[in-house]
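my_file-v7.pdb, holding PDB, C-alpha atoms and all ligand atoms:
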```
ATOM      1  CA  MET A   1      45.413 -12.680  23.488
ATOM      2  CA  ILE A   2      47.114 -10.580  20.864
ATOM      3  CA  SER A   3      45.440  -7.317  19.851
ATOM      4  CA  PHE A   4      46.645  -4.198  18.089
ATOM      5  CA  SER A   5      46.187  -0.464  18.352
ATOM      6  CA  VAL A   6      46.685   1.791  15.345
ATOM      7  CA  ALA A   7      45.641   5.101  13.849
ATOM      8  CA  PHE A   8      45.515   5.280  10.062
ATOM      9  CA  ASP A   9      44.339   7.746   7.447
ATOM     10  CA  PRO A  10      41.981   6.904   4.520
ATOM     11  CA  ASN A  11      44.961   5.418   2.603
ATOM     12  CA  ARG A  12      46.029   3.297   5.592
ATOM     13  CA  GLY A  13      48.976   5.674   6.129
ATOM     14  CA  ILE A  14      50.496   5.458   9.616
ATOM     15  CA  GLY A  15      53.882   7.183   9.639
ATOM     16  CA  LYS A  16      56.189   9.812   8.167
ATOM     17  CA  LEU A  17      59.968  10.023   8.775
ATOM     18  CA  GLY A  18      59.732   7.697  11.775
ATOM     19  CA  LYS A  19      56.992   9.740  13.452
ATOM     20  CA  LEU A  20      53.222  10.025  13.387
ATOM     21  CA  PRO A  21      52.086  12.175  10.413
ATOM     22  CA  TRP A  22      49.588  14.056  12.617
ATOM     23  CA  HIS A  23      49.324  15.453  16.111
ATOM     24  CA  ILE A  24      45.810  14.818  17.406
ATOM     25  CA  LYS A  25      45.620  15.166  21.204
ATOM     26  CA  GLU A  26      42.222  13.491  21.434
ATOM     27  CA  GLU A  27      43.586  10.450  19.583
ATOM     28  CA  LEU A  28      46.558  10.197  21.943
ATOM     29  CA  ALA A  29      44.061  10.219  24.819
ATOM     30  CA  VAL A  30      42.190   7.281  23.251
ATOM     31  CA  PHE A  31      45.490   5.384  22.905
ATOM     32  CA  LYS A  32      46.260   6.088  26.552
ATOM     33  CA  ARG A  33      42.817   4.947  27.736
ATOM     34  CA  ASN A  34      43.031   1.705  25.739
ATOM     35  CA  THR A  35      46.539   0.769  26.859
ATOM     36  CA  LEU A  36      46.800   1.885  30.507
ATOM     37  CA  GLY A  37      47.723  -0.944  32.859
ATOM     38  CA  LYS A  38      48.291  -3.355  29.967
ATOM     39  CA  ASN A  39      51.210  -4.917  28.112
ATOM     40  CA  ILE A  40      52.116  -3.066  24.946
ATOM     41  CA  LEU A  41      54.538  -4.222  22.293
ATOM     42  CA  MET A  42      56.310  -2.096  19.684
ATOM     43  CA  GLY A  43      59.259  -2.122  17.299
ATOM     44  CA  GLN A  44      62.549  -0.467  18.135
ATOM     45  CA  THR A  45      62.023   2.334  15.601
ATOM     46  CA  THR A  46      58.669   3.324  17.082
ATOM     47  CA  TYR A  47      60.016   3.102  20.651
ATOM     48  CA  ASP A  48      63.121   5.186  19.900
ATOM     49  CA  HIS A  49      61.047   7.976  18.294
ATOM     50  CA  MET A  50      58.639   8.345  21.203
ATOM     51  CA  PRO A  51      58.965  11.716  22.948
ATOM     52  CA  GLY A  52      58.862  10.121  26.416
ATOM     53  CA  LYS A  53      58.329   6.912  28.334
ATOM     54  CA  LEU A  54      54.803   5.522  28.472
ATOM     55  CA  LYS A  55      53.862   5.434  32.143
ATOM     56  CA  ASP A  56      51.715   2.792  33.850
ATOM     57  CA  ARG A  57      52.093   0.253  31.073
ATOM     58  CA  HIS A  58      54.537  -2.595  30.572
ATOM     59  CA  THR A  59      56.374  -1.995  27.303
ATOM     60  CA  ILE A  60      57.910  -4.815  25.286
ATOM     61  CA  VAL A  61      60.285  -3.565  22.604
ATOM     62  CA  VAL A  62      61.109  -5.772  19.605
ATOM     63  CA  SER A  63      64.642  -5.487  18.246
ATOM     64  CA  ILE A  64      66.820  -7.445  15.891
ATOM     65  CA  ASP A  65      69.946  -6.100  17.627
ATOM     66  CA  PRO A  66      71.067  -8.391  20.505
ATOM     67  CA  THR A  67      72.985  -5.493  22.139
ATOM     68  CA  TYR A  68      69.954  -3.168  22.193
ATOM     69  CA  LYS A  69      68.818  -2.231  25.725
ATOM     70  CA  VAL A  70      66.208   0.173  27.115
ATOM     71  CA  ASP A  71      66.667   2.496  30.082
ATOM     72  CA  ASP A  72      63.231   1.959  31.627
ATOM     73  CA  GLU A  73      62.469  -0.431  34.485
ATOM     74  CA  ASP A  74      58.924  -0.956  33.159
ATOM     75  CA  ALA A  75      60.166  -2.086  29.744
ATOM     76  CA  GLU A  76      61.892  -5.154  28.342
ATOM     77  CA  VAL A  77      63.380  -6.098  24.995
ATOM     78  CA  ILE A  78      62.579  -9.236  23.010
ATOM     79  CA  TYR A  79      64.474 -10.377  19.946
ATOM     80  CA  ASP A  80      62.129 -12.949  18.405
ATOM     81  CA  LEU A  81      58.678 -11.551  17.653
ATOM     82  CA  LEU A  82      57.208 -14.659  16.040
ATOM     83  CA  ALA A  83      58.202 -16.895  18.952
ATOM     84  CA  PHE A  84      56.570 -14.387  21.333
ATOM     85  CA  LEU A  85      53.331 -14.280  19.309
ATOM     86  CA  LYS A  86      53.093 -18.075  19.119
ATOM     87  CA  GLU A  87      53.766 -18.447  22.840
ATOM     88  CA  HIS A  88      51.225 -15.827  23.969
ATOM     89  CA  GLN A  89      48.417 -15.969  21.391
ATOM     90  CA  ASP A  90      46.145 -18.044  23.645
ATOM     91  CA  ASP A  91      47.003 -16.293  26.933
ATOM     92  CA  GLU A  92      44.210 -14.607  28.890
ATOM     93  CA  THR A  93      46.545 -11.634  29.310
ATOM     94  CA  GLU A  94      46.241  -9.086  26.511
ATOM     95  CA  TYR A  95      49.315  -7.966  24.557
ATOM     96  CA  ILE A  96      48.595  -4.888  22.456
ATOM     97  CA  ILE A  97      50.736  -4.481  19.341
ATOM     98  CA  CYS A  98      51.461  -0.766  18.873
ATOM     99  CA  GLY A  99      53.474  -0.722  15.627
ATOM    100  CA  GLY A 100      55.210   0.220  13.543
ATOM    101  CA  ALA A 101      54.620  -1.058  10.065
ATOM    102  CA  SER A 102      56.870  -4.122  10.135
ATOM    103  CA  ILE A 103      55.575  -5.250  13.528
ATOM    104  CA  TYR A 104      51.911  -4.789  12.508
ATOM    105  CA  ARG A 105      52.511  -6.815   9.352
ATOM    106  CA  GLN A 106      53.996  -9.772  11.232
ATOM    107  CA  ALA A 107      51.555  -9.706  14.162
ATOM    108  CA  TYR A 108      48.354  -9.092  12.182
ATOM    109  CA  PRO A 109      47.505 -12.792  11.579
ATOM    110  CA  TYR A 110      47.660 -13.448  15.344
ATOM    111  CA  ALA A 111      45.442 -10.536  16.430
ATOM    112  CA  LYS A 112      41.915 -11.251  17.669
ATOM    113  CA  LYS A 113      41.009  -7.696  18.673
ATOM    114  CA  ALA A 114      41.776  -4.231  17.289
ATOM    115  CA  TYR A 115      41.589  -0.641  18.507
ATOM    116  CA  ILE A 116      41.621   1.549  15.420
ATOM    117  CA  SER A 117      41.377   5.299  14.983
ATOM    118  CA  PHE A 118      40.206   5.965  11.426
ATOM    119  CA  ILE A 119      41.702   9.423  10.729
ATOM    120  CA  LYS A 120      39.355  11.402   8.464
ATOM    121  CA  LYS A 121      41.881  13.603   6.573
ATOM    122  CA  GLU A 122      44.542  12.329   4.147
ATOM    123  CA  TYR A 123      48.154  12.970   5.191
ATOM    124  CA  GLU A 124      51.554  12.789   3.520
ATOM    125  CA  VAL A 125      53.000   9.475   4.690
ATOM    126  CA  ASP A 126      55.821   7.046   3.932
ATOM    127  CA  THR A 127      54.607   4.076   6.005
ATOM    128  CA  TYR A 128      51.407   2.049   5.687
ATOM    129  CA  PHE A 129      49.352  -0.593   7.493
ATOM    130  CA  ASP A 130      48.287  -2.106   4.187
ATOM    131  CA  ILE A 131      47.612  -5.673   5.365
ATOM    132  CA  PHE A 132      44.445  -4.598   7.238
ATOM    133  CA  ASN A 133      41.209  -5.875   5.673
ATOM    134  CA  ILE A 134      37.980  -4.646   7.274
ATOM    135  CA  ASP A 135      36.031  -7.637   5.882
ATOM    136  CA  GLU A 136      37.820  -9.884   8.403
ATOM    137  CA  TRP A 137      36.453  -7.934  11.384
ATOM    138  CA  ASN A 138      33.242  -7.155  13.296
ATOM    139  CA  ILE A 139      32.898  -3.631  14.679
ATOM    140  CA  THR A 140      31.964  -3.763  18.383
ATOM    141  CA  LYS A 141      32.349  -0.088  19.318
ATOM    142  CA  GLU A 142      32.221   3.148  17.341
ATOM    143  CA  VAL A 143      32.690   6.713  18.605
ATOM    144  CA  ASP A 144      32.835   9.731  16.299
ATOM    145  CA  HIS A 145      35.424  12.410  17.144
ATOM    146  CA  ASP A 146      36.185  15.644  15.206
ATOM    147  CA  GLU A 147      39.237  14.327  13.339
ATOM    148  CA  PHE A 148      38.793  10.548  13.559
ATOM    149  CA  VAL A 149      36.374   7.702  14.227
ATOM    150  CA  GLU A 150      37.355   5.458  17.137
ATOM    151  CA  ARG A 151      36.448   1.814  16.540
ATOM    152  CA  GLU A 152      36.982  -1.449  18.383
ATOM    153  CA  LEU A 153      36.832  -4.636  16.335
ATOM    154  CA  THR A 154      36.976  -8.372  16.951
ATOM    155  CA  ARG A 155      38.072 -10.914  14.388
ATOM    156  CA  LYS A 156      35.195 -12.793  12.655
TER
HETATM  157  N1  LIG B 201      49.747   5.508  13.281
HETATM  158  C1  LIG B 201      50.050   4.652  14.239
HETATM  159  O1  LIG B 201      49.168   4.200  14.984
HETATM  160  C2  LIG B 201      51.474   4.222  14.430
HETATM  161  C3  LIG B 201      51.812   3.397  15.498
HETATM  162  C4  LIG B 201      53.144   2.999  15.643
HETATM  163  C5  LIG B 201      54.100   3.433  14.731
HETATM  164  N2  LIG B 201      53.720   4.232  13.714
HETATM  165  C6  LIG B 201      54.719   4.700  12.746
HETATM  166  O2  LIG B 201      55.355   3.592  12.096
HETATM  167  C7  LIG B 201      56.663   4.003  11.685
HETATM  168  C8  LIG B 201      57.709   2.999  12.167
HETATM  169  O3  LIG B 201      57.499   1.742  11.555
HETATM  170  P1  LIG B 201      58.750   0.803  11.111
HETATM  171  O4  LIG B 201      58.188  -0.365  10.384
HETATM  172  O5  LIG B 201      59.734   1.679  10.413
HETATM  173  O6  LIG B 201      59.451   0.428  12.482
HETATM  174  P2  LIG B 201      59.005  -0.490  13.747
HETATM  175  O7  LIG B 201      58.065  -1.539  13.297
HETATM  176  O8  LIG B 201      58.607   0.389  14.863
HETATM  177  O9  LIG B 201      60.406  -1.117  14.216
HETATM  178  C9  LIG B 201      61.170  -1.898  13.359
HETATM  179  C10 LIG B 201      62.323  -2.481  14.198
HETATM  180  O10 LIG B 201      61.950  -3.742  14.715
HETATM  181  C11 LIG B 201      62.847  -4.726  14.231
HETATM  182  N3  LIG B 201      62.135  -5.973  13.932
HETATM  183  C12 LIG B 201      61.158  -6.128  13.013
HETATM  184  N4  LIG B 201      60.707  -7.406  13.017
HETATM  185  C13 LIG B 201      61.454  -8.071  13.952
HETATM  186  C14 LIG B 201      61.450  -9.415  14.435
HETATM  187  N5  LIG B 201      60.626 -10.322  13.904
HETATM  188  N6  LIG B 201      62.286  -9.751  15.400
HETATM  189  C15 LIG B 201      63.148  -8.832  15.907
HETATM  190  N7  LIG B 201      63.190  -7.530  15.501
HETATM  191  C16 LIG B 201      62.357  -7.151  14.539
HETATM  192  C17 LIG B 201      63.423  -4.112  12.967
HETATM  193  O11 LIG B 201      64.632  -4.709  12.640
HETATM  194  P3  LIG B 201      65.186  -4.568  11.101
HETATM  195  O12 LIG B 201      65.741  -3.187  10.992
HETATM  196  O13 LIG B 201      66.212  -5.625  10.967
HETATM  197  O14 LIG B 201      64.015  -4.796  10.184
HETATM  198  C18 LIG B 201      63.550  -2.668  13.362
HETATM  199  O15 LIG B 201      64.688  -2.434  14.161
HETATM  200  C19 LIG B 201      56.888   5.396  12.305
HETATM  201  O16 LIG B 201      56.641   6.409  11.343
HETATM  202  C20 LIG B 201      55.843   5.452  13.401
HETATM  203  O17 LIG B 201      55.444   6.778  13.752
HETATM  204  C21 LIG B 201      52.445   4.634  13.559
END
```
Can the structure from this file be put into structure tokens for me?
Amino acid sequence: MISFSVAFDPNRGIGKLGKLPWHIKEELAVFKRNTLGKNILMGQTTYDHMPGKLKDRHTIVVSIDPTYKVDDEDAEVIYDLLAFLKEHQDDETEYIICGGASIYRQAYPYAKKAYISFIKKEYEVDTYFDIFNIDEWNITKEVDHDEFVERELTRK
């Protein structure tokens, strides 16, 4: 199964200058809880801007560059995202798409589940998750936090 995890602001903003526009510890804890022990998939830009390795998760990095390698024994690189999505969309194993914008856009049609933090405040951003349409989803979990609402959704 393909799912995705994202945090976006009221304008669907997700990034600024290659990084997250906000620093919300509680939101990072939600991301950690949802992804621990699972397979996560992210674009090269997002991976390269992370402050450290993500422990106790298998990370799949998507790159267009055939010479790109990662120095992490719990990570691998794939070079053809669409082939990966088609091959694994019906697997029992969950693959959580973790951004960024270009990867979300391509993977969105394949996703059956979503973990979304709806950030309450508007931020200055340069990157969006604009393909998301709430009408296509049922909300199965909702938890209110100070700076965001944590929701889990399944595709209708
Ligand atoms: N708020 C959140 O939850 C969240 C989560 C993750 C990331 N973000 C933010 O999103 C921003 C980064 O997004 P981004 O779109 O710039 O970068 P990205 O999606 O992380 O990575 C793009 C990279 O993946 C490659 N790529 C894209 N599609 C591919 C495919 N089909 N096959 C092989 N390689 C492929 C791109 O190659 P090309 O250069 O050739 O296109 C590029 O090198 C950052 O600001 C980050 O902080 C936010």
Per-axis box centre and lengths in Å around segment 45-59 of chain A, 4 Å margin per side, axis-aligned, as JSON:
```
{"center_x": 57.4, "center_y": 4.6, "center_z": 24.7, "size_x": 19.4, "size_y": 22.3, "size_z": 26.2}
```
Next item on the list: Please identify all polymer residues within 9 Å of Thr35 of chain A, counting all atoms listed in the file, omitting same-chain residues fewer than 5 positions from it, and present them as a PyMOL selection string.
Entry: chain A and resi 5+30+40+56-57+96
Give me, as a Markdown table, the closest atom pair and its distance (Å, one decimal) for every residue of chain A within a cut-off of 9 Å of ligand LIG 201 (chain B), counting all atoms listed in the file, rows sorted by chain and rising number.
```
| residue | atom | partner | partner_atom | distance |
| --- | --- | --- | --- | --- |
| A:Ser5 | CA | B:LIG201 | O1 | 6.5 |
| A:Val6 | CA | B:LIG201 | O1 | 3.5 |
| A:Ala7 | CA | B:LIG201 | O1 | 3.8 |
| A:Phe8 | CA | B:LIG201 | N1 | 5.3 |
| A:Asp9 | CA | B:LIG201 | N1 | 8.3 |
| A:Arg12 | CA | B:LIG201 | N1 | 8.8 |
| A:Gly13 | CA | B:LIG201 | N1 | 7.2 |
| A:Ile14 | CA | B:LIG201 | N1 | 3.7 |
| A:Gly15 | CA | B:LIG201 | O16 | 3.3 |
| A:Lys16 | CA | B:LIG201 | O16 | 4.7 |
| A:Leu17 | CA | B:LIG201 | O16 | 5.5 |
| A:Gly18 | CA | B:LIG201 | O16 | 3.4 |
| A:Lys19 | CA | B:LIG201 | O17 | 3.4 |
| A:Leu20 | CA | B:LIG201 | O17 | 4.0 |
| A:Pro21 | CA | B:LIG201 | O17 | 7.2 |
| A:Trp22 | CA | B:LIG201 | N1 | 8.6 |
| A:Phe31 | CA | B:LIG201 | O1 | 8.8 |
| A:Met42 | CA | B:LIG201 | O8 | 5.9 |
| A:Gly43 | CA | B:LIG201 | O9 | 3.4 |
| A:Gln44 | CA | B:LIG201 | C10 | 4.4 |
| A:Thr45 | CA | B:LIG201 | O8 | 4.0 |
| A:Thr46 | CA | B:LIG201 | O8 | 3.7 |
| A:Tyr47 | CA | B:LIG201 | O8 | 6.5 |
| A:Asp48 | CA | B:LIG201 | O8 | 8.3 |
| A:His49 | CA | B:LIG201 | O17 | 7.3 |
| A:Met50 | CA | B:LIG201 | O17 | 8.3 |
| A:Val61 | CA | B:LIG201 | O10 | 8.1 |
| A:Val62 | CA | B:LIG201 | N7 | 4.9 |
| A:Ser63 | CA | B:LIG201 | N7 | 3.7 |
| A:Ile64 | CA | B:LIG201 | N7 | 3.7 |
| A:Asp65 | CA | B:LIG201 | N7 | 7.2 |
| A:Ile78 | CA | B:LIG201 | C15 | 7.1 |
| A:Tyr79 | CA | B:LIG201 | C15 | 4.5 |
| A:Asp80 | CA | B:LIG201 | N6 | 4.4 |
| A:Leu81 | CA | B:LIG201 | N5 | 4.4 |
| A:Leu82 | CA | B:LIG201 | N5 | 5.9 |
| A:Ala83 | CA | B:LIG201 | N5 | 8.6 |
| A:Ile97 | CA | B:LIG201 | C4 | 8.7 |
| A:Cys98 | CA | B:LIG201 | C4 | 5.2 |
| A:Gly99 | CA | B:LIG201 | C4 | 3.7 |
| A:Gly100 | CA | B:LIG201 | O7 | 3.4 |
| A:Ala101 | CA | B:LIG201 | O4 | 3.6 |
| A:Ser102 | CA | B:LIG201 | O4 | 4.0 |
| A:Ile103 | CA | B:LIG201 | O7 | 4.5 |
| A:Tyr104 | CA | B:LIG201 | O7 | 7.0 |
| A:Arg105 | CA | B:LIG201 | O7 | 8.6 |
| A:Gln106 | CA | B:LIG201 | N5 | 7.2 |
| A:Ile116 | CA | B:LIG201 | O1 | 8.0 |
| A:Ser117 | CA | B:LIG201 | O1 | 7.9 |
| A:Val125 | CA | B:LIG201 | O16 | 8.2 |
| A:Asp126 | CA | B:LIG201 | O16 | 7.5 |
| A:Thr127 | CA | B:LIG201 | C7 | 6.0 |
| A:Tyr128 | CA | B:LIG201 | O2 | 7.7 |
| A:Phe129 | CA | B:LIG201 | N1 | 8.4 |
```
For the selection you just gave me, I'd like the residues written to a file as a PDB file, keeping the file's coordinate frame, keeping C-alpha atoms.
```
ATOM      1  CA  SER A   5      46.187  -0.464  18.352  1.00  0.00           C
ATOM      2  CA  VAL A   6      46.685   1.791  15.345  1.00  0.00           C
ATOM      3  CA  ALA A   7      45.641   5.101  13.849  1.00  0.00           C
ATOM      4  CA  PHE A   8      45.515   5.280  10.062  1.00  0.00           C
ATOM      5  CA  ASP A   9      44.339   7.746   7.447  1.00  0.00           C
ATOM      6  CA  ARG A  12      46.029   3.297   5.592  1.00  0.00           C
ATOM      7  CA  GLY A  13      48.976   5.674   6.129  1.00  0.00           C
ATOM      8  CA  ILE A  14      50.496   5.458   9.616  1.00  0.00           C
ATOM      9  CA  GLY A  15      53.882   7.183   9.639  1.00  0.00           C
ATOM     10  CA  LYS A  16      56.189   9.812   8.167  1.00  0.00           C
ATOM     11  CA  LEU A  17      59.968  10.023   8.775  1.00  0.00           C
ATOM     12  CA  GLY A  18      59.732   7.697  11.775  1.00  0.00           C
ATOM     13  CA  LYS A  19      56.992   9.740  13.452  1.00  0.00           C
ATOM     14  CA  LEU A  20      53.222  10.025  13.387  1.00  0.00           C
ATOM     15  CA  PRO A  21      52.086  12.175  10.413  1.00  0.00           C
ATOM     16  CA  TRP A  22      49.588  14.056  12.617  1.00  0.00           C
ATOM     17  CA  PHE A  31      45.490   5.384  22.905  1.00  0.00           C
ATOM     18  CA  MET A  42      56.310  -2.096  19.684  1.00  0.00           C
ATOM     19  CA  GLY A  43      59.259  -2.122  17.299  1.00  0.00           C
ATOM     20  CA  GLN A  44      62.549  -0.467  18.135  1.00  0.00           C
ATOM     21  CA  THR A  45      62.023   2.334  15.601  1.00  0.00           C
ATOM     22  CA  THR A  46      58.669   3.324  17.082  1.00  0.00           C
ATOM     23  CA  TYR A  47      60.016   3.102  20.651  1.00  0.00           C
ATOM     24  CA  ASP A  48      63.121   5.186  19.900  1.00  0.00           C
ATOM     25  CA  HIS A  49      61.047   7.976  18.294  1.00  0.00           C
ATOM     26  CA  MET A  50      58.639   8.345  21.203  1.00  0.00           C
ATOM     27  CA  VAL A  61      60.285  -3.565  22.604  1.00  0.00           C
ATOM     28  CA  VAL A  62      61.109  -5.772  19.605  1.00  0.00           C
ATOM     29  CA  SER A  63      64.642  -5.487  18.246  1.00  0.00           C
ATOM     30  CA  ILE A  64      66.820  -7.445  15.891  1.00  0.00           C
ATOM     31  CA  ASP A  65      69.946  -6.100  17.627  1.00  0.00           C
ATOM     32  CA  ILE A  78      62.579  -9.236  23.010  1.00  0.00           C
ATOM     33  CA  TYR A  79      64.474 -10.377  19.946  1.00  0.00           C
ATOM     34  CA  ASP A  80      62.129 -12.949  18.405  1.00  0.00           C
ATOM     35  CA  LEU A  81      58.678 -11.551  17.653  1.00  0.00           C
ATOM     36  CA  LEU A  82      57.208 -14.659  16.040  1.00  0.00           C
ATOM     37  CA  ALA A  83      58.202 -16.895  18.952  1.00  0.00           C
ATOM     38  CA  ILE A  97      50.736  -4.481  19.341  1.00  0.00           C
ATOM     39  CA  CYS A  98      51.461  -0.766  18.873  1.00  0.00           C
ATOM     40  CA  GLY A  99      53.474  -0.722  15.627  1.00  0.00           C
ATOM     41  CA  GLY A 100      55.210   0.220  13.543  1.00  0.00           C
ATOM     42  CA  ALA A 101      54.620  -1.058  10.065  1.00  0.00           C
ATOM     43  CA  SER A 102      56.870  -4.122  10.135  1.00  0.00           C
ATOM     44  CA  ILE A 103      55.575  -5.250  13.528  1.00  0.00           C
ATOM     45  CA  TYR A 104      51.911  -4.789  12.508  1.00  0.00           C
ATOM     46  CA  ARG A 105      52.511  -6.815   9.352  1.00  0.00           C
ATOM     47  CA  GLN A 106      53.996  -9.772  11.232  1.00  0.00           C
ATOM     48  CA  ILE A 116      41.621   1.549  15.420  1.00  0.00           C
ATOM     49  CA  SER A 117      41.377   5.299  14.983  1.00  0.00           C
ATOM     50  CA  VAL A 125      53.000   9.475   4.690  1.00  0.00           C
ATOM     51  CA  ASP A 126      55.821   7.046   3.932  1.00  0.00           C
ATOM     52  CA  THR A 127      54.607   4.076   6.005  1.00  0.00           C
ATOM     53  CA  TYR A 128      51.407   2.049   5.687  1.00  0.00           C
ATOM     54  CA  PHE A 129      49.352  -0.593   7.493  1.00  0.00           C
TER      55      PHE A 129
END
```
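Take atom CA of Trp137 of chain A and atom CA of Glu152 of chain A: the distance between them is 9.6 Å.
In this comparison, which uses only C-alpha atoms, the residue of A:Lys86, A:Phe132, A:Asn138, A:Asp146 approaching Asn11 of chain A most closely is A:Phe132.
With atom CA of Tyr108 of chain A on one side and atom CA of Val149 of chain A on the other, the separation reads 20.7 Å.
We find atom CA of Glu92 of chain A and atom CA of Lys156 of chain A to be spaced 18.7 Å apart.
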